[in-house]
file data-v1.pdb (PDB, C-alpha atoms)
ATOM      1  CA  MET E  12       0.000   0.000   0.000
ATOM      2  CA  PRO E  13       1.476   3.410  -0.927
ATOM      3  CA  ARG E  14       2.341   5.755   1.896
ATOM      4  CA  THR E  15       0.092   8.709   2.635
ATOM      5  CA  ARG E  16       0.846  11.959   4.386
ATOM      6  CA  SER E  17      -0.478  11.287   7.846
ATOM      7  CA  GLU E  18      -0.043  12.792  11.239
ATOM      8  CA  VAL E  19       3.223  12.201  13.037
ATOM      9  CA  THR E  20       2.832   9.870  15.981
ATOM     10  CA  ALA E  21       5.633   8.684  18.185
ATOM     11  CA  GLN E  22       5.407   4.953  18.792
ATOM     12  CA  PRO E  23       7.981   3.279  21.020
ATOM     13  CA  PRO E  24      10.347   1.323  18.759
ATOM     14  CA  GLN E  25      10.990  -2.395  19.299
ATOM     15  CA  ARG E  26      14.726  -1.642  19.049
ATOM     16  CA  PRO E  27      16.744   1.539  18.782
ATOM     17  CA  LEU E  28      16.143   3.134  15.398
ATOM     18  CA  ARG E  29      19.304   3.595  13.355
ATOM     19  CA  VAL E  30      19.592   7.245  12.325
ATOM     20  CA  VAL E  31      22.291   8.936  10.258
ATOM     21  CA  VAL E  32      22.783  12.714  10.348
ATOM     22  CA  ALA E  33      24.099  14.031   7.023
ATOM     23  CA  SER E  34      25.406  17.582   7.331
ATOM     24  CA  HIS E  35      28.616  19.482   6.681
ATOM     25  CA  ARG E  36      27.633  22.043   9.315
ATOM     26  CA  GLU E  37      29.328  20.956  12.508
ATOM     27  CA  ILE E  38      27.056  22.887  14.865
ATOM     28  CA  LEU E  39      23.900  21.465  13.302
ATOM     29  CA  ALA E  40      25.243  17.911  13.198
ATOM     30  CA  ARG E  41      26.519  17.989  16.758
ATOM     31  CA  GLY E  42      23.273  19.497  18.008
ATOM     32  CA  LEU E  43      21.152  16.781  16.422
ATOM     33  CA  VAL E  44      23.455  14.026  17.624
ATOM     34  CA  ALA E  45      23.399  15.432  21.164
ATOM     35  CA  ILE E  46      19.593  15.513  21.210
ATOM     36  CA  LEU E  47      19.227  11.982  19.867
ATOM     37  CA  ALA E  48      22.032  10.541  21.977
ATOM     38  CA  ASP E  49      20.098  11.485  25.108
ATOM     39  CA  HIS E  50      17.792   8.540  24.378
ATOM     40  CA  PRO E  51      19.949   5.571  23.322
ATOM     41  CA  GLU E  52      17.061   3.219  24.036
ATOM     42  CA  ALA E  53      15.121   4.835  21.190
ATOM     43  CA  VAL E  54      17.759   5.903  18.669
ATOM     44  CA  ALA E  55      21.256   4.844  17.659
ATOM     45  CA  VAL E  56      22.689   7.905  15.903
ATOM     46  CA  SER E  57      25.787   8.508  13.809
ATOM     47  CA  VAL E  58      27.091  11.224  11.489
ATOM     48  CA  GLY E  59      27.374  10.206   7.856
ATOM     49  CA  ALA E  60      30.797  11.356   6.731
ATOM     50  CA  SER E  61      30.091   9.247   3.657
ATOM     51  CA  LEU E  62      26.575   8.258   2.617
ATOM     52  CA  ARG E  63      27.688   5.447   0.308
ATOM     53  CA  GLY E  64      26.915   2.816   2.924
ATOM     54  CA  VAL E  65      23.413   4.042   3.680
ATOM     55  CA  GLY E  66      20.855   1.447   2.760
ATOM     56  CA  PRO E  67      18.232  -0.840   4.297
ATOM     57  CA  ALA E  68      20.284  -1.139   7.508
ATOM     58  CA  VAL E  69      19.618   2.535   8.257
ATOM     59  CA  ASP E  70      16.103   3.439   9.372
ATOM     60  CA  VAL E  71      16.129   7.226   8.810
ATOM     61  CA  VAL E  72      18.519   9.792   7.355
ATOM     62  CA  LEU E  73      18.388  13.402   8.544
ATOM     63  CA  TYR E  74      19.692  15.248   5.473
ATOM     64  CA  ASP E  75      20.851  18.845   5.651
ATOM     65  CA  LEU E  76      19.468  20.399   2.455
ATOM     66  CA  ALA E  77      22.363  22.871   2.457
ATOM     67  CA  LEU E  78      24.410  19.963   1.078
ATOM     68  CA  LEU E  79      22.603  20.452  -2.221
ATOM     69  CA  ASP E  80      24.462  23.717  -2.719
ATOM     70  CA  ASP E  81      27.784  21.857  -2.705
ATOM     71  CA  SER E  82      27.007  18.473  -4.203
ATOM     72  CA  GLY E  83      23.953  19.059  -6.374
ATOM     73  CA  PRO E  84      20.882  16.802  -6.486
ATOM     74  CA  THR E  85      22.429  13.525  -7.662
ATOM     75  CA  PRO E  86      23.750  12.296  -4.275
ATOM     76  CA  LEU E  87      20.389  13.067  -2.664
ATOM     77  CA  ARG E  88      18.493  11.153  -5.359
ATOM     78  CA  GLU E  89      20.793   8.167  -4.860
ATOM     79  CA  LEU E  90      20.379   8.387  -1.094
ATOM     80  CA  VAL E  91      16.577   8.437  -1.324
ATOM     81  CA  ARG E  92      16.679   5.418  -3.622
ATOM     82  CA  ALA E  93      19.093   3.474  -1.400
ATOM     83  CA  SER E  94      17.147   4.223   1.794
ATOM     84  CA  ALA E  95      13.697   3.509   0.335
ATOM     85  CA  GLY E  96      12.767   7.175   0.741
ATOM     86  CA  ARG E  97      13.315   7.311   4.492
ATOM     87  CA  VAL E  98      15.008  10.707   4.293
ATOM     88  CA  ILE E  99      13.974  13.814   6.211
ATOM     89  CA  GLY E 100      15.187  17.126   4.802
ATOM     90  CA  LEU E 101      16.485  19.776   7.189
ATOM     91  CA  ALA E 102      16.546  23.492   6.395
ATOM     92  CA  GLU E 103      16.082  26.798   8.147
ATOM     93  CA  SER E 104      12.804  27.433   6.342
ATOM     94  CA  ILE E 105      10.649  25.593   3.825
ATOM     95  CA  ASP E 106      10.152  29.000   2.184
ATOM     96  CA  GLY E 107      13.838  29.142   1.266
ATOM     97  CA  PRO E 108      15.583  27.965  -1.904
ATOM     98  CA  HIS E 109      14.881  24.294  -1.176
ATOM     99  CA  ARG E 110      11.108  24.564  -0.818
ATOM    100  CA  HIS E 111      10.368  22.110  -3.666
ATOM    101  CA  VAL E 112      13.016  19.510  -2.809
ATOM    102  CA  VAL E 113      10.735  17.332  -0.680
ATOM    103  CA  ASP E 114       8.382  16.565  -3.550
ATOM    104  CA  GLU E 115      10.937  16.649  -6.367
ATOM    105  CA  HIS E 116      13.271  14.129  -4.772
ATOM    106  CA  GLY E 117      10.798  11.906  -2.915
ATOM    107  CA  LEU E 118      11.790  12.797   0.628
ATOM    108  CA  ALA E 119       9.612  11.622   3.487
ATOM    109  CA  GLY E 120       9.225  15.185   4.710
ATOM    110  CA  PHE E 121      10.838  18.339   6.011
ATOM    111  CA  LEU E 122      11.846  19.637   9.431
ATOM    112  CA  PRO E 123      13.244  23.058  10.381
ATOM    113  CA  THR E 124      16.750  23.044  11.817
ATOM    114  CA  ASP E 125      15.394  24.487  15.079
ATOM    115  CA  VAL E 126      13.063  21.511  15.548
ATOM    116  CA  HIS E 127      12.151  20.636  19.127
ATOM    117  CA  ALA E 128      13.386  17.303  20.474
ATOM    118  CA  GLN E 129       9.919  15.808  20.926
ATOM    119  CA  GLU E 130       8.913  16.673  17.374
ATOM    120  CA  LEU E 131      12.204  15.294  16.052
ATOM    121  CA  PHE E 132      11.719  11.932  17.767
ATOM    122  CA  GLY E 133       8.117  11.761  16.572
ATOM    123  CA  ALA E 134       9.124  12.486  12.995
ATOM    124  CA  ILE E 135      11.859   9.854  13.035
ATOM    125  CA  ALA E 136       9.466   7.227  14.417
ATOM    126  CA  ALA E 137       6.858   8.062  11.773
ATOM    127  CA  VAL E 138       9.274   7.932   8.847
ATOM    128  CA  ALA E 139      10.881   4.718  10.104
ATOM    129  CA  ALA E 140       7.376   3.208  10.136
ATOM    130  CA  GLY E 141       6.925   4.153   6.476
ATOM    131  CA  ARG E 142       4.794   7.269   6.875
ATOM    132  CA  LEU E 143       5.282  10.702   5.353
ATOM    133  CA  LEU E 144       5.400  13.854   7.435
ATOM    134  CA  PRO E 145       2.649  16.464   7.097
ATOM    135  CA  ARG E 146       3.282  18.938   4.328
ATOM    136  CA  ALA E 147       4.471  22.273   5.679
ATOM    137  CA  VAL E 148       2.417  25.401   5.077
ATOM    138  CA  GLU E 149       4.452  27.334   2.531
ATOM    139  CA  ASP E 150       2.704  30.685   2.468
ATOM    140  CA  ALA E 151       1.823  31.710   5.974
ATOM    141  CA  GLY E 152       2.001  35.516   5.758
ATOM    142  CA  PRO E 153       3.067  36.910   9.125
ATOM    143  CA  LEU E 154       3.144  33.483  10.756
ATOM    144  CA  THR E 155       5.966  31.018  11.050
ATOM    145  CA  ARG E 156       5.515  27.583   9.475
ATOM    146  CA  ARG E 157       4.590  26.029  12.818
ATOM    147  CA  GLU E 158       2.216  28.855  13.793
ATOM    148  CA  ALA E 159       0.436  28.626  10.447
ATOM    149  CA  GLU E 160       0.071  24.879  10.856
ATOM    150  CA  ILE E 161      -1.456  25.334  14.307
ATOM    151  CA  VAL E 162      -3.841  28.094  13.222
ATOM    152  CA  GLY E 163      -4.932  25.883  10.331
ATOM    153  CA  LEU E 164      -5.683  23.015  12.700
ATOM    154  CA  ILE E 165      -7.625  25.372  14.984
ATOM    155  CA  ALA E 166      -9.684  26.409  11.972
ATOM    156  CA  GLN E 167     -10.384  22.731  11.246
ATOM    157  CA  GLY E 168     -12.005  22.464  14.673
ATOM    158  CA  LEU E 169      -9.327  20.483  16.496
ATOM    159  CA  SER E 170      -8.996  20.962  20.243
ATOM    160  CA  ASN E 171      -5.718  21.872  21.911
ATOM    161  CA  ASP E 172      -5.359  18.280  23.100
ATOM    162  CA  GLU E 173      -5.847  16.984  19.560
ATOM    163  CA  ILE E 174      -3.408  19.505  18.070
ATOM    164  CA  ALA E 175      -0.719  18.744  20.655
ATOM    165  CA  ALA E 176      -1.070  15.015  19.992
ATOM    166  CA  LYS E 177      -1.053  15.462  16.213
ATOM    167  CA  LEU E 178       2.076  17.625  16.213
ATOM    168  CA  VAL E 179       3.790  15.685  19.000
ATOM    169  CA  ILE E 180       4.409  18.780  21.121
ATOM    170  CA  SER E 181       3.662  19.611  24.739
ATOM    171  CA  HIS E 182       0.619  21.614  25.775
ATOM    172  CA  ASN E 183       2.850  24.403  27.062
ATOM    173  CA  THR E 184       4.666  24.614  23.730
ATOM    174  CA  LEU E 185       1.342  24.634  21.900
ATOM    175  CA  LYS E 186      -0.041  27.442  24.076
ATOM    176  CA  SER E 187       3.111  29.478  23.479
ATOM    177  CA  HIS E 188       2.724  29.059  19.705
ATOM    178  CA  ILE E 189      -0.949  30.035  19.879
ATOM    179  CA  ARG E 190      -0.251  33.181  21.913
ATOM    180  CA  GLN E 191       2.482  34.240  19.499
ATOM    181  CA  ALA E 192       0.319  33.495  16.462
ATOM    182  CA  TYR E 193      -2.586  35.499  17.857
ATOM    183  CA  ARG E 194      -0.277  38.470  18.452
ATOM    184  CA  ARG E 195       1.102  38.262  14.920
ATOM    185  CA  ILE E 196      -2.316  38.254  13.243
ATOM    186  CA  GLY E 197      -3.984  40.664  15.674
ATOM    187  CA  VAL E 198      -6.664  38.416  17.167
ATOM    188  CA  SER E 199      -7.518  37.496  20.738
ATOM    189  CA  THR E 200     -10.100  34.703  20.475
ATOM    190  CA  ARG E 201     -10.332  31.305  18.815
ATOM    191  CA  ALA E 202     -13.274  32.448  16.692
ATOM    192  CA  GLN E 203     -11.263  35.381  15.377
ATOM    193  CA  ALA E 204      -8.350  33.066  14.594
ATOM    194  CA  VAL E 205     -10.680  30.756  12.657
ATOM    195  CA  ALA E 206     -12.030  33.695  10.659
ATOM    196  CA  TRP E 207      -8.498  34.870   9.879
ATOM    197  CA  ALA E 208      -7.442  31.370   8.836
ATOM    198  CA  ASN E 209     -10.405  31.003   6.486
ATOM    199  CA  GLN E 210      -9.655  34.387   4.908
ATOM    200  CA  HIS E 211      -6.036  33.437   4.323
ATOM    201  CA  GLY E 212      -6.544  29.906   3.027
ATOM    202  CA  LEU E 213      -5.441  28.043   6.155
ATOM    203  CA  GLY E 214      -8.844  26.695   7.117
TER     204      GLY E 214
END
call {"tool": "encode", "arguments": {"input": "data-v1.pdb", "output": "structure tokens"}}
result
Amino acid sequence: MPRTRSEVTAQPPQRPLRVVVASHREILARGLVAILADHPEAVAVSVGASLRGVGPAVDVVLYDLALLDDSGPTPLRELVRASAGRVIGLAESIDGPHRHVVDEHGLAGFLPTDVHAQELFGAIAAVAAGRLLPRAVEDAGPLTRREAEIVGLIAQGLSNDEIAAKLVISHNTLKSHIRQAYRRIGVSTRAQAVAWANQHGLG
């Protein structure tokens, strides 16, 4: 059955998931490794100095899309093919120069480089299980990608509990995003946020 873009859910793995971080940016690579290494029972992480050995033995590859600027698209295409598409692209913003890479190269999804640990683990678990990550909102106006996603889910009628579970984030993180989003779009109630979302194509 072909994969569909479904919500990210973190399911406890039967064994540590094997994850490779592919990035030439030392700070980014070390940061991701440090986050994942905090939970060795869930993830076995390494940095891919060379991606030639990546294949079925690796569950998920976290691929820094900045590598495309140096190596071009061919290595990424080969990586996606070798890993059965279990590649998550990393970039500062999906609105940047790599906004179409996810679809063009068959990646499992996209995450911002400032991703929170809980969301990162949830995304890895979902992709390792063969699912695709939710498509990011690409035109969010004054909102960040995450804020636009949350406002869109509010407009769809989801409760805070449902949104937090769907995005694999804590309730406190969700409330912080909602407060910031409301300030950005100049609303103070859920009904006003829904109206704004419908007017701007997020509903």
call {"tool": "atom_distance", "arguments": {"input": "data-v1.pdb", "atom1": "CA of Ala119 in chain E", "atom2": "CA of Arg156 in chain E"}}
result
17.5 Å
call {"tool": "closest_residue", "arguments": {"input": "data-v1.pdb", "among": "E:Gly168, E:Gly100, E:Pro51, E:Gly83", "to": "Ser34 in chain E", "atoms": "all atoms listed in the file"}}
result
E:Gly100
call {"tool": "closest_residue", "arguments": {"input": "data-v1.pdb", "among": "E:Thr85, E:Gln129, E:Ser94, E:Gln167", "to": "Asn209 in chain E", "atoms": "only C-alpha atoms"}}
result
E:Gln167
call {"tool": "closest_residue", "arguments": {"input": "data-v1.pdb", "among": "E:Ile180, E:Ala77, E:Val54, E:Ile189", "to": "Arg201 in chain E", "atoms": "all atoms listed in the file"}}
result
E:Ile189
call {"tool": "atom_distance", "arguments": {"input": "data-v1.pdb", "atom1": "CA of Ala206 in chain E", "atom2": "CA of Pro145 in chain E"}}
result
22.9 Å
call {"tool": "atom_distance", "arguments": {"input": "data-v1.pdb", "atom1": "CA of Ile99 in chain E", "atom2": "CA of Val72 in chain E"}}
result
6.2 Å
call {"tool": "closest_residue", "arguments": {"input": "data-v1.pdb", "among": "E:Glu115, E:Asp81, E:Glu103, E:Glu160", "to": "Ile174 in chain E", "atoms": "only C-alpha atoms"}}
result
E:Glu160
call {"tool": "closest_residue", "arguments": {"input": "data-v1.pdb", "among": "E:Ala192, E:Ala68, E:Val205, E:Leu47", "to": "Pro153 in chain E", "atoms": "only C-alpha atoms"}}
result
E:Ala192
call {"tool": "residues_around", "arguments": {"input": "data-v1.pdb", "residues": "range 87-90 of chain E", "least_positions_apart": "5", "cutoff": "12 Å", "atoms": "all atoms listed in the file", "output": "count of residues only"}}
result
36
call {"tool": "resolve_selection", "arguments": {"input": "data-v1.pdb", "expression": "the PyMOL selection byres ((chain E and resi 161) around 12)", "output": "PyMOL selection string"}}
result
chain E and resi 147-148+151+154-160+162-180+184-193+201+204-205+208+213-214
